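Pasting start.cif here (mmCIF, C-alpha atoms):
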data_data
loop_
_atom_site.label_atom_id
_atom_site.label_comp_id
_atom_site.auth_asym_id
_atom_site.auth_seq_id
_atom_site.Cartn_x
_atom_site.Cartn_y
_atom_site.Cartn_z
CA MET A 1 16.83 -17.55 18.83
CA TRP A 2 13.97 -15.43 20.10
CA ILE A 3 13.31 -11.74 19.93
CA GLU A 4 11.67 -9.55 22.52
CA ASP A 5 10.48 -5.97 22.36
CA LEU A 6 12.23 -3.19 24.23
CA THR A 7 10.40 -0.87 26.59
CA ASP A 8 10.30 2.87 25.84
CA GLU A 9 12.98 3.41 28.49
CA GLU A 10 15.23 0.79 26.93
CA CYS A 11 14.82 2.38 23.48
CA ASP A 12 15.74 5.74 25.00
CA ALA A 13 18.89 4.28 26.52
CA VAL A 14 20.01 2.79 23.20
CA LEU A 15 19.40 6.08 21.38
CA GLU A 16 21.25 8.02 24.10
CA ARG A 17 24.33 5.88 23.57
CA ALA A 18 24.16 5.88 19.78
CA LYS A 19 26.57 7.90 17.69
CA VAL A 20 25.71 6.40 14.33
CA ALA A 21 22.41 5.51 12.69
CA ARG A 22 21.43 4.34 9.24
CA LEU A 23 19.02 6.81 7.71
CA ALA A 24 16.51 5.62 5.11
CA THR A 25 14.96 8.17 2.82
CA CYS A 26 12.56 7.70 -0.06
CA ALA A 27 11.75 9.56 -3.27
CA ASP A 28 9.47 8.45 -6.09
CA ASN A 29 9.13 5.12 -4.24
CA ARG A 30 12.89 4.45 -4.40
CA PRO A 31 14.55 3.91 -1.02
CA TYR A 32 18.05 5.06 -0.09
CA VAL A 33 20.03 4.29 3.07
CA VAL A 34 23.31 5.70 4.37
CA PRO A 35 25.01 5.98 7.76
CA ILE A 36 24.80 9.28 9.63
CA SER A 37 26.16 10.72 12.86
CA ILE A 38 23.41 11.41 15.37
CA THR A 39 22.67 12.84 18.76
CA TYR A 40 19.40 12.03 20.48
CA GLU A 41 17.49 14.50 22.60
CA ARG A 42 14.27 13.99 24.48
CA ASP A 43 12.17 16.68 26.11
CA GLY A 44 9.13 15.01 27.61
CA SER A 45 7.24 13.38 24.78
CA THR A 46 9.09 15.40 22.11
CA ARG A 47 12.05 13.50 20.75
CA PHE A 48 14.61 14.38 18.10
CA LEU A 49 17.65 12.97 16.37
CA TYR A 50 20.06 15.75 15.39
CA SER A 51 22.45 15.41 12.48
CA PHE A 52 24.04 17.21 9.59
CA ALA A 53 25.08 16.45 6.04
CA ASN A 54 26.52 17.83 2.89
CA LEU A 55 24.03 18.89 0.27
CA GLY A 56 23.74 15.56 -1.53
CA GLN A 57 21.14 12.99 -2.52
CA LYS A 58 19.99 12.36 1.06
CA VAL A 59 19.20 16.02 1.76
CA ARG A 60 17.59 16.59 -1.62
CA TRP A 61 15.36 13.58 -1.07
CA MET A 62 14.36 14.65 2.45
CA ARG A 63 13.45 18.09 1.17
CA GLN A 64 11.22 16.38 -1.38
CA ASN A 65 9.77 13.83 1.08
CA PRO A 66 10.32 14.52 4.79
CA PHE A 67 9.30 11.05 5.99
CA VAL A 68 12.36 9.10 7.11
CA CYS A 69 13.29 6.01 9.06
CA ALA A 70 16.45 5.50 11.09
CA GLU A 71 17.99 2.38 12.60
CA VAL A 72 20.45 2.07 15.48
CA GLU A 73 22.04 -1.16 16.61
CA GLU A 74 24.25 -2.59 19.32
CA LEU A 75 25.83 -5.82 18.12
CA VAL A 76 27.92 -8.08 20.28
CA ASP A 77 27.37 -11.53 18.84
CA GLN A 78 24.66 -13.91 17.72
CA ARG A 79 22.94 -13.92 21.07
CA HIS A 80 23.50 -10.36 22.16
CA TRP A 81 22.20 -7.65 19.90
CA THR A 82 19.67 -4.85 20.05
CA THR A 83 18.14 -2.73 17.30
CA VAL A 84 15.98 0.35 17.54
CA VAL A 85 13.98 1.70 14.59
CA VAL A 86 12.72 5.27 14.53
CA GLU A 87 10.11 6.77 12.22
CA GLY A 88 10.01 10.52 11.87
CA ARG A 89 10.08 13.64 9.77
CA PHE A 90 12.97 15.71 8.47
CA GLU A 91 13.23 19.30 9.73
CA GLU A 92 15.98 21.42 8.24
CA LEU A 93 17.51 23.90 10.70
CA ASP A 94 18.37 27.00 8.76
CA PRO A 95 21.12 28.85 10.67
CA VAL A 96 19.26 32.15 10.25
CA GLN A 97 15.62 31.16 10.57
CA HIS A 98 16.27 28.53 13.26
CA ARG A 99 19.35 29.99 14.87
CA ASP A 100 18.80 28.59 18.38
CA GLU A 101 17.96 25.08 17.19
CA ALA A 102 20.86 25.06 14.74
CA ASN A 103 23.29 26.20 17.44
CA ARG A 104 21.92 23.58 19.78
CA ALA A 105 22.43 20.95 17.10
CA TYR A 106 26.02 22.06 16.55
CA ASP A 107 26.72 21.91 20.29
CA LEU A 108 25.19 18.47 20.66
CA LEU A 109 26.89 17.01 17.62
CA HIS A 110 30.26 18.49 18.44
CA HIS A 111 30.05 17.09 21.93
CA ARG A 112 28.82 13.63 21.06
CA SER A 113 29.57 12.55 17.53
CA ASP A 114 32.93 13.89 16.51
CA TRP A 115 34.51 10.49 16.16
CA TRP A 116 32.84 9.65 12.89
CA LEU A 117 31.58 12.32 10.54
CA PRO A 118 30.97 10.96 7.08
CA GLY A 119 28.05 13.32 6.63
CA ALA A 120 30.38 16.30 6.73
CA ALA A 121 33.39 14.85 5.01
CA ARG A 122 34.55 16.30 1.77
CA THR A 123 34.97 14.28 -1.37
CA SER A 124 37.39 16.61 -3.13
CA SER A 125 39.55 19.58 -2.38
CA THR A 126 37.30 21.81 -4.46
CA ASP A 127 34.07 21.05 -2.59
CA LEU A 128 32.56 24.03 -0.88
CA TYR A 129 31.86 22.87 2.65
CA ARG A 130 28.25 23.75 3.40
CA PRO A 131 26.77 21.36 5.94
CA VAL A 132 23.01 21.20 6.24
CA VAL A 133 21.95 20.94 9.88
CA TYR A 134 18.73 19.06 10.47
CA ARG A 135 16.78 17.05 12.96
CA ILE A 136 14.33 14.20 12.74
CA ARG A 137 11.15 14.77 14.70
CA ILE A 138 10.39 11.30 16.01
CA ASP A 139 6.85 9.98 15.60
CA ALA A 140 7.42 6.36 16.64
CA ILE A 141 10.16 4.21 18.15
CA SER A 142 10.37 0.45 18.39
CA GLY A 143 13.17 -1.75 19.62
CA ARG A 144 14.03 -5.42 19.73
CA ARG A 145 16.75 -7.58 21.17
CA ALA A 146 17.85 -11.16 21.00
CA ALA A 147 16.64 -13.25 23.88
CA ARG A 148 17.22 -16.79 25.05
CA GLY A 149 13.66 -17.92 24.58
CA PRO A 150 10.07 -17.30 25.64
CA SER A 151 9.86 -16.35 29.26
CA ALA A 152 6.54 -18.11 29.69
CA MET B 153 38.39 14.09 6.96
CA TRP B 154 38.11 13.22 3.30
CA ILE B 155 36.16 10.55 1.51
CA GLU B 156 37.20 8.61 -1.54
CA ASP B 157 35.27 6.26 -3.77
CA LEU B 158 35.91 2.53 -3.83
CA THR B 159 36.65 0.64 -7.01
CA ASP B 160 34.29 -2.11 -8.15
CA GLU B 161 36.77 -4.70 -6.87
CA GLU B 162 36.92 -3.03 -3.46
CA CYS B 163 33.11 -2.95 -3.24
CA ASP B 164 33.06 -6.65 -4.11
CA ALA B 165 35.52 -7.41 -1.32
CA VAL B 166 33.45 -5.55 1.28
CA LEU B 167 30.27 -7.33 0.19
CA GLU B 168 32.06 -10.71 0.24
CA ARG B 169 33.04 -10.18 3.87
CA ALA B 170 29.67 -8.78 4.98
CA LYS B 171 27.27 -10.81 7.09
CA VAL B 172 24.88 -8.01 7.96
CA ALA B 173 23.35 -5.22 5.90
CA ARG B 174 20.71 -2.62 6.58
CA LEU B 175 17.88 -3.03 4.12
CA ALA B 176 15.76 -0.01 3.18
CA THR B 177 12.35 -0.59 1.68
CA CYS B 178 9.68 1.86 0.71
CA ALA B 179 5.90 1.81 0.41
CA ASP B 180 3.58 4.74 -0.27
CA ASN B 181 6.65 6.98 -0.04
CA ARG B 182 7.40 5.90 3.55
CA PRO B 183 10.86 4.41 4.08
CA TYR B 184 11.68 1.54 6.45
CA VAL B 185 15.10 0.20 7.41
CA VAL B 186 16.09 -2.91 9.36
CA PRO B 187 19.21 -5.09 9.65
CA ILE B 188 19.30 -8.35 7.71
CA SER B 189 21.68 -11.25 7.34
CA ILE B 190 23.16 -11.44 3.85
CA THR B 191 25.38 -13.46 1.58
CA TYR B 192 26.78 -11.90 -1.57
CA GLU B 193 27.21 -13.79 -4.81
CA ARG B 194 28.63 -12.57 -8.09
CA ASP B 195 28.50 -14.37 -11.40
CA GLY B 196 30.13 -12.15 -13.99
CA SER B 197 28.11 -8.97 -14.15
CA THR B 198 25.13 -10.53 -12.33
CA ARG B 199 25.25 -9.85 -8.62
CA PHE B 200 22.90 -10.82 -5.81
CA LEU B 201 22.47 -10.45 -2.09
CA TYR B 202 20.72 -13.48 -0.61
CA SER B 203 18.69 -13.28 2.57
CA PHE B 204 15.54 -14.50 4.29
CA ALA B 205 12.95 -13.11 6.64
CA ASN B 206 9.78 -13.81 8.48
CA LEU B 207 6.62 -12.64 6.77
CA GLY B 208 6.51 -9.15 8.27
CA GLN B 209 6.41 -5.53 7.20
CA LYS B 210 9.67 -5.73 5.25
CA VAL B 211 8.50 -8.62 3.05
CA ARG B 212 5.03 -7.18 2.55
CA TRP B 213 6.56 -3.87 1.45
CA MET B 214 9.01 -5.53 -0.95
CA ARG B 215 6.18 -7.50 -2.52
CA GLN B 216 4.39 -4.19 -3.05
CA ASN B 217 7.48 -2.28 -4.24
CA PRO B 218 10.51 -4.39 -5.23
CA PHE B 219 12.99 -1.49 -5.32
CA VAL B 220 15.32 -1.68 -2.33
CA CYS B 221 18.57 -0.22 -1.08
CA ALA B 222 21.07 -1.95 1.21
CA GLU B 223 24.04 -0.61 3.14
CA VAL B 224 27.07 -2.48 4.45
CA GLU B 225 29.77 -0.95 6.60
CA GLU B 226 33.13 -1.72 8.16
CA LEU B 227 33.79 0.62 11.05
CA VAL B 228 37.00 0.79 12.98
CA ASP B 229 37.23 4.36 14.16
CA GLN B 230 36.93 7.93 12.95
CA ARG B 231 39.64 7.56 10.35
CA HIS B 232 39.04 4.00 9.26
CA TRP B 233 35.63 3.16 7.91
CA THR B 234 34.10 1.96 4.67
CA THR B 235 30.51 1.88 3.49
CA VAL B 236 28.98 0.24 0.45
CA VAL B 237 25.48 1.08 -0.81
CA VAL B 238 23.61 -1.26 -3.12
CA GLU B 239 20.52 -0.50 -5.17
CA GLY B 240 18.50 -3.41 -6.45
CA ARG B 241 15.24 -5.29 -6.78
CA PHE B 242 13.59 -7.85 -4.54
CA GLU B 243 13.11 -11.34 -5.97
CA GLU B 244 11.24 -13.82 -3.80
CA LEU B 245 12.51 -17.40 -4.13
CA ASP B 246 9.53 -19.67 -3.81
CA PRO B 247 10.77 -23.10 -2.67
CA VAL B 248 8.63 -24.81 -5.31
CA GLN B 249 8.81 -22.45 -8.27
CA HIS B 250 12.47 -21.52 -7.68
CA ARG B 251 13.68 -24.67 -6.01
CA ASP B 252 17.30 -24.49 -7.16
CA GLU B 253 17.72 -20.82 -6.30
CA ALA B 254 16.03 -21.27 -2.93
CA ASN B 255 18.25 -24.24 -2.07
CA ARG B 256 21.29 -22.28 -3.16
CA ALA B 257 20.20 -19.43 -0.90
CA TYR B 258 19.74 -21.79 2.04
CA ASP B 259 23.20 -23.26 1.48
CA LEU B 260 24.88 -19.89 1.20
CA LEU B 261 23.13 -18.41 4.20
CA HIS B 262 23.69 -21.43 6.37
CA HIS B 263 27.35 -21.40 5.50
CA ARG B 264 27.99 -17.71 5.92
CA SER B 265 25.53 -15.95 8.14
CA ASP B 266 24.52 -18.22 10.97
CA TRP B 267 25.96 -16.03 13.65
CA TRP B 268 23.23 -13.43 13.55
CA LEU B 269 19.80 -14.24 12.29
CA PRO B 270 17.24 -11.66 13.34
CA GLY B 271 15.32 -12.14 10.13
CA ALA B 272 14.41 -15.65 11.12
CA ALA B 273 14.01 -15.22 14.83
CA ARG B 274 10.68 -15.85 16.44
CA THR B 275 8.91 -13.32 18.55
CA SER B 276 6.69 -15.75 20.44
CA SER B 277 6.38 -19.43 21.06
CA THR B 278 3.18 -19.54 19.00
CA ASP B 279 4.67 -18.10 15.80
CA LEU B 280 4.60 -20.44 12.87
CA TYR B 281 8.12 -20.38 11.49
CA ARG B 282 7.82 -19.68 7.77
CA PRO B 283 10.89 -17.90 6.47
CA VAL B 284 10.66 -16.15 3.13
CA VAL B 285 13.81 -16.72 1.07
CA TYR B 286 14.68 -13.91 -1.30
CA ARG B 287 17.49 -12.22 -3.13
CA ILE B 288 18.24 -8.70 -4.23
CA ARG B 289 19.23 -8.39 -7.87
CA ILE B 290 21.83 -5.65 -7.76
CA ASP B 291 21.54 -2.81 -10.26
CA ALA B 292 24.17 -0.47 -8.85
CA ILE B 293 26.90 -0.47 -6.20
CA SER B 294 28.85 2.43 -4.80
CA GLY B 295 31.35 2.52 -1.97
CA ARG B 296 33.25 5.10 0.01
CA ARG B 297 35.89 5.14 2.68
CA ALA B 298 37.53 7.64 4.94
CA ALA B 299 40.84 8.88 3.66
CA ARG B 300 43.54 11.15 4.98
CA GLY B 301 43.11 13.84 2.39
CA PRO B 302 43.19 14.56 -1.33
CA SER B 303 45.91 12.61 -3.02
CA ALA B 304 46.64 15.41 -5.46
#

Starting from the file, lay out its structure as structure tokens.
Amino acid sequence: MWIEDLTDEECDAVLERAKVARLATCADNRPYVVPISITYERDGSTRFLYSFANLGQKVRWMRQNPFVCAEVEELVDQRHWTTVVVEGRFEELDPVQHRDEANRAYDLLHHRSDWWLPGAARTSSTDLYRPVVYRIRIDAISGRRAARGPSA
Amino acid sequence: MWIEDLTDEECDAVLERAKVARLATCADNRPYVVPISITYERDGSTRFLYSFANLGQKVRWMRQNPFVCAEVEELVDQRHWTTVVVEGRFEELDPVQHRDEANRAYDLLHHRSDWWLPGAARTSSTDLYRPVVYRIRIDAISGRRAARGPSA
């Protein structure tokens, strides 16, 4: 099996389709990875992943260290798969201080990602439901896919 | 939607079935996450994920900082999904120094995970194929799944 790089346009297309990513965070040199619901938005060269979460380990770690990495994949079988890896920085969208961005995030996520919302699920009936809305400001994107062999 | 924790036995079962995980590594407080092929093995309280990779960023980072985190998931739809998160430490299996463990890893991986091998794929016809065999010594496992609501 061979792997080839995706173009920027191909990475965009994968991120546009994606509803779930795996978000890696890091604190005190310990990594942590969990699935999140996402919506991708691009405005020229500025690119974001929008998401939300309960106030748990992931959010506490991103407040401590905003550098994150997210992975999206499209798996069919051994010979047909694509992965895109995003590096970026956590930006919390306070509903008062960042009202427009937070509302935009709610709209996007409600429209795109309502099929699978572990980030907002409750773990007990006594949890106070306080989702943290945030986005990842993307600094770099790379993508790869399985290929039949070298084209040369 | 509600979330409930998995028992140890349920986490084991998910890991037994898993062929792919997302491995998070961390260097200089920057996280990195990529999919890997895995095989799970438990011997009493000692538990490992076996895998292999080309000598790239992931391996270089794990040599620098052995603490890793891996995530496995079984997704069906909004109301039926399970995720298991593993924390552990990278152990490289040198084919000379750790011959038995490396051979065991090769056997396990060949038997279980041959359908999807990005970790060993080549990116050009001139790459020298030198897979690094390694395992993750598991320190902690937690698992969650979607549930209909609080059972109380």

Reference chain A, mobile chain B, all Cα atoms fitted, written as an mmCIF file with C-alpha atoms, in the frame of the given file:
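Below is the file superposed.cif, written as the result:
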data_model
loop_
_atom_site.group_PDB
_atom_site.id
_atom_site.type_symbol
_atom_site.label_atom_id
_atom_site.label_comp_id
_atom_site.auth_asym_id
_atom_site.auth_seq_id
_atom_site.Cartn_x
_atom_site.Cartn_y
_atom_site.Cartn_z
ATOM 1 C CA MET B 153 16.813 -17.542 18.850
ATOM 2 C CA TRP B 154 13.955 -15.430 20.116
ATOM 3 C CA ILE B 155 13.305 -11.732 19.920
ATOM 4 C CA GLU B 156 11.670 -9.553 22.514
ATOM 5 C CA ASP B 157 10.491 -5.974 22.370
ATOM 6 C CA LEU B 158 12.234 -3.184 24.243
ATOM 7 C CA THR B 159 10.416 -0.865 26.599
ATOM 8 C CA ASP B 160 10.311 2.859 25.856
ATOM 9 C CA GLU B 161 12.988 3.413 28.506
ATOM 10 C CA GLU B 162 15.242 0.790 26.931
ATOM 11 C CA CYS B 163 14.823 2.378 23.486
ATOM 12 C CA ASP B 164 15.737 5.739 25.010
ATOM 13 C CA ALA B 165 18.903 4.275 26.510
ATOM 14 C CA VAL B 166 20.024 2.787 23.189
ATOM 15 C CA LEU B 167 19.397 6.070 21.373
ATOM 16 C CA GLU B 168 21.251 8.012 24.098
ATOM 17 C CA ARG B 169 24.343 5.871 23.574
ATOM 18 C CA ALA B 170 24.170 5.868 19.764
ATOM 19 C CA LYS B 171 26.582 7.891 17.661
ATOM 20 C CA VAL B 172 25.710 6.377 14.306
ATOM 21 C CA ALA B 173 22.401 5.499 12.679
ATOM 22 C CA ARG B 174 21.414 4.329 9.236
ATOM 23 C CA LEU B 175 19.015 6.806 7.707
ATOM 24 C CA ALA B 176 16.494 5.618 5.112
ATOM 25 C CA THR B 177 14.927 8.164 2.815
ATOM 26 C CA CYS B 178 12.557 7.704 -0.056
ATOM 27 C CA ALA B 179 11.745 9.566 -3.258
ATOM 28 C CA ASP B 180 9.463 8.453 -6.084
ATOM 29 C CA ASN B 181 9.109 5.141 -4.240
ATOM 30 C CA ARG B 182 12.864 4.439 -4.395
ATOM 31 C CA PRO B 183 14.531 3.905 -1.017
ATOM 32 C CA TYR B 184 18.041 5.064 -0.088
ATOM 33 C CA VAL B 185 20.011 4.276 3.060
ATOM 34 C CA VAL B 186 23.287 5.700 4.361
ATOM 35 C CA PRO B 187 25.006 5.970 7.758
ATOM 36 C CA ILE B 188 24.801 9.278 9.607
ATOM 37 C CA SER B 189 26.157 10.704 12.823
ATOM 38 C CA ILE B 190 23.405 11.400 15.343
ATOM 39 C CA THR B 191 22.669 12.837 18.742
ATOM 40 C CA TYR B 192 19.406 12.016 20.473
ATOM 41 C CA GLU B 193 17.489 14.497 22.577
ATOM 42 C CA ARG B 194 14.270 13.990 24.486
ATOM 43 C CA ASP B 195 12.166 16.676 26.090
ATOM 44 C CA GLY B 196 9.129 15.014 27.610
ATOM 45 C CA SER B 197 7.235 13.378 24.789
ATOM 46 C CA THR B 198 9.092 15.380 22.110
ATOM 47 C CA ARG B 199 12.056 13.478 20.753
ATOM 48 C CA PHE B 200 14.608 14.365 18.096
ATOM 49 C CA LEU B 201 17.638 12.965 16.359
ATOM 50 C CA TYR B 202 20.052 15.731 15.382
ATOM 51 C CA SER B 203 22.444 15.385 12.478
ATOM 52 C CA PHE B 204 24.032 17.219 9.566
ATOM 53 C CA ALA B 205 25.070 16.439 6.034
ATOM 54 C CA ASN B 206 26.524 17.814 2.884
ATOM 55 C CA LEU B 207 24.013 18.883 0.271
ATOM 56 C CA GLY B 208 23.723 15.549 -1.530
ATOM 57 C CA GLN B 209 21.121 12.997 -2.517
ATOM 58 C CA LYS B 210 19.994 12.357 1.060
ATOM 59 C CA VAL B 211 19.203 16.024 1.761
ATOM 60 C CA ARG B 212 17.584 16.593 -1.619
ATOM 61 C CA TRP B 213 15.343 13.565 -1.057
ATOM 62 C CA MET B 214 14.363 14.647 2.462
ATOM 63 C CA ARG B 215 13.455 18.094 1.179
ATOM 64 C CA GLN B 216 11.212 16.376 -1.363
ATOM 65 C CA ASN B 217 9.766 13.819 1.083
ATOM 66 C CA PRO B 218 10.316 14.517 4.801
ATOM 67 C CA PHE B 219 9.291 11.043 6.004
ATOM 68 C CA VAL B 220 12.354 9.102 7.127
ATOM 69 C CA CYS B 221 13.277 5.994 9.061
ATOM 70 C CA ALA B 222 16.452 5.482 11.097
ATOM 71 C CA GLU B 223 17.984 2.363 12.602
ATOM 72 C CA VAL B 224 20.443 2.065 15.476
ATOM 73 C CA GLU B 225 22.041 -1.163 16.606
ATOM 74 C CA GLU B 226 24.269 -2.600 19.306
ATOM 75 C CA LEU B 227 25.839 -5.823 18.120
ATOM 76 C CA VAL B 228 27.940 -8.092 20.241
ATOM 77 C CA ASP B 229 27.385 -11.535 18.817
ATOM 78 C CA GLN B 230 24.652 -13.907 17.718
ATOM 79 C CA ARG B 231 22.949 -13.931 21.086
ATOM 80 C CA HIS B 232 23.523 -10.359 22.151
ATOM 81 C CA TRP B 233 22.205 -7.652 19.895
ATOM 82 C CA THR B 234 19.678 -4.847 20.039
ATOM 83 C CA THR B 235 18.136 -2.741 17.305
ATOM 84 C CA VAL B 236 15.984 0.356 17.535
ATOM 85 C CA VAL B 237 13.967 1.694 14.589
ATOM 86 C CA VAL B 238 12.723 5.266 14.521
ATOM 87 C CA GLU B 239 10.111 6.758 12.223
ATOM 88 C CA GLY B 240 10.007 10.508 11.880
ATOM 89 C CA ARG B 241 10.081 13.646 9.778
ATOM 90 C CA PHE B 242 12.962 15.717 8.474
ATOM 91 C CA GLU B 243 13.224 19.295 9.733
ATOM 92 C CA GLU B 244 15.974 21.425 8.232
ATOM 93 C CA LEU B 245 17.507 23.899 10.695
ATOM 94 C CA ASP B 246 18.370 27.004 8.758
ATOM 95 C CA PRO B 247 21.120 28.859 10.657
ATOM 96 C CA VAL B 248 19.258 32.151 10.243
ATOM 97 C CA GLN B 249 15.614 31.161 10.564
ATOM 98 C CA HIS B 250 16.262 28.531 13.260
ATOM 99 C CA ARG B 251 19.344 29.985 14.860
ATOM 100 C CA ASP B 252 18.800 28.592 18.356
ATOM 101 C CA GLU B 253 17.947 25.092 17.171
ATOM 102 C CA ALA B 254 20.854 25.058 14.728
ATOM 103 C CA ASN B 255 23.296 26.187 17.420
ATOM 104 C CA ARG B 256 21.907 23.577 19.771
ATOM 105 C CA ALA B 257 22.428 20.949 17.080
ATOM 106 C CA TYR B 258 26.012 22.073 16.521
ATOM 107 C CA ASP B 259 26.713 21.902 20.252
ATOM 108 C CA LEU B 260 25.187 18.471 20.654
ATOM 109 C CA LEU B 261 26.881 17.010 17.612
ATOM 110 C CA HIS B 262 30.245 18.479 18.431
ATOM 111 C CA HIS B 263 30.021 17.094 21.922
ATOM 112 C CA ARG B 264 28.806 13.630 21.068
ATOM 113 C CA SER B 265 29.581 12.533 17.565
ATOM 114 C CA ASP B 266 32.945 13.871 16.527
ATOM 115 C CA TRP B 267 34.517 10.489 16.147
ATOM 116 C CA TRP B 268 32.833 9.631 12.884
ATOM 117 C CA LEU B 269 31.577 12.291 10.569
ATOM 118 C CA PRO B 270 30.937 10.973 7.082
ATOM 119 C CA GLY B 271 28.049 13.354 6.624
ATOM 120 C CA ALA B 272 30.378 16.303 6.712
ATOM 121 C CA ALA B 273 33.377 14.843 4.985
ATOM 122 C CA ARG B 274 34.573 16.313 1.747
ATOM 123 C CA THR B 275 35.005 14.309 -1.381
ATOM 124 C CA SER B 276 37.434 16.654 -3.114
ATOM 125 C CA SER B 277 39.606 19.598 -2.318
ATOM 126 C CA THR B 278 37.365 21.858 -4.408
ATOM 127 C CA ASP B 279 34.127 21.111 -2.539
ATOM 128 C CA LEU B 280 32.611 24.081 -0.822
ATOM 129 C CA TYR B 281 31.905 22.912 2.704
ATOM 130 C CA ARG B 282 28.277 23.766 3.429
ATOM 131 C CA PRO B 283 26.790 21.363 5.939
ATOM 132 C CA VAL B 284 23.028 21.192 6.236
ATOM 133 C CA VAL B 285 21.956 20.945 9.881
ATOM 134 C CA TYR B 286 18.729 19.067 10.456
ATOM 135 C CA ARG B 287 16.779 17.040 12.944
ATOM 136 C CA ILE B 288 14.324 14.194 12.748
ATOM 137 C CA ARG B 289 11.139 14.755 14.714
ATOM 138 C CA ILE B 290 10.381 11.288 16.012
ATOM 139 C CA ASP B 291 6.851 9.958 15.602
ATOM 140 C CA ALA B 292 7.420 6.354 16.635
ATOM 141 C CA ILE B 293 10.158 4.193 18.155
ATOM 142 C CA SER B 294 10.361 0.442 18.400
ATOM 143 C CA GLY B 295 13.181 -1.750 19.628
ATOM 144 C CA ARG B 296 14.031 -5.418 19.748
ATOM 145 C CA ARG B 297 16.754 -7.578 21.168
ATOM 146 C CA ALA B 298 17.847 -11.159 20.995
ATOM 147 C CA ALA B 299 16.660 -13.235 23.896
ATOM 148 C CA ARG B 300 17.193 -16.782 25.044
ATOM 149 C CA GLY B 301 13.630 -17.894 24.592
ATOM 150 C CA PRO B 302 10.051 -17.228 25.644
ATOM 151 C CA SER B 303 9.867 -16.277 29.266
ATOM 152 C CA ALA B 304 6.562 -18.058 29.745
#

(message) I'd like to know which of B:Cys163, B:Val285, B:Ile190, B:Cys178 is closest to chain A, using all atoms listed in the file.
(response) B:Cys178

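Within 12 Å of the point (14.2, 14.7, -2.5), counting only C-alpha atoms, the protein and nucleic acid residues come to Thr25, Cys26, Ala27, Asp28, Asn29, Arg30, Pro31, Tyr32, Leu55, Gly56, Gln57, Lys58, Val59, Arg60, Trp61, Met62, Arg63, Gln64, Asn65, Pro66, Phe67, Val68 and Phe90 of chain A; Asn181 of chain B.
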
So that I can see what lies close to Gly143 (chain A), please list as a PDB file with C-alpha atoms, in the frame of the given file the residues with an atom at most 9 Å from it, counting all atoms listed in the file and leaving out residues fewer than 6 positions away in the same chain.
ATOM      1  CA  GLU A   4      11.670  -9.550  22.520  1.00  0.00           C
ATOM      2  CA  ASP A   5      10.480  -5.970  22.360  1.00  0.00           C
ATOM      3  CA  LEU A   6      12.230  -3.190  24.230  1.00  0.00           C
ATOM      4  CA  THR A   7      10.400  -0.870  26.590  1.00  0.00           C
ATOM      5  CA  ASP A   8      10.300   2.870  25.840  1.00  0.00           C
ATOM      6  CA  GLU A  10      15.230   0.790  26.930  1.00  0.00           C
ATOM      7  CA  CYS A  11      14.820   2.380  23.480  1.00  0.00           C
ATOM      8  CA  VAL A  14      20.010   2.790  23.200  1.00  0.00           C
ATOM      9  CA  THR A  82      19.670  -4.850  20.050  1.00  0.00           C
ATOM     10  CA  THR A  83      18.140  -2.730  17.300  1.00  0.00           C
ATOM     11  CA  VAL A  84      15.980   0.350  17.540  1.00  0.00           C
ATOM     12  CA  VAL A  85      13.980   1.700  14.590  1.00  0.00           C
ATOM     13  CA  VAL A  86      12.720   5.270  14.530  1.00  0.00           C
TER      14      VAL A  86
END

(request) Please evaluate the PyMOL selection byres ((chain A and resi 33-37) around 8) against the displayed coordinates and give the resulting residues as a PyMOL selection string. (result) (chain A and resi 19-25+31-32+38-39+51-52+109+113+116-119) or (chain B and resi 174-176+185+221-223+237)

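You will find CA of Ile141 (chain A) at 13.4 Å from CA of Glu41 (chain A).
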
(request) Provide the CA of Leu49 (chain A) to CA of Ala102 (chain A) distance in Å, to one decimal place. (result) 12.6 Å

(request) Point out the residue among A:Ala147, A:Ala53, A:Val132, A:Val96 with the least atom-to-atom distance to chain B, counting all atoms listed in the file. (result) A:Ala147

(message) Calculated over all atoms listed in the file, which of the candidates B:Arg169, B:Arg251, B:Arg231, B:Arg199 has the smallest distance to chain A?
(response) B:Arg231

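The two atoms in question, CA of Ala292 (chain B) and CA of Tyr202 (chain B), are spaced 15.8 Å apart.
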
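In terms of minimum interatomic distance to chain B, A:Val76 ranks closest within A:Ala105, A:Ile136, A:Ala13, A:Val76, counting all atoms listed in the file.
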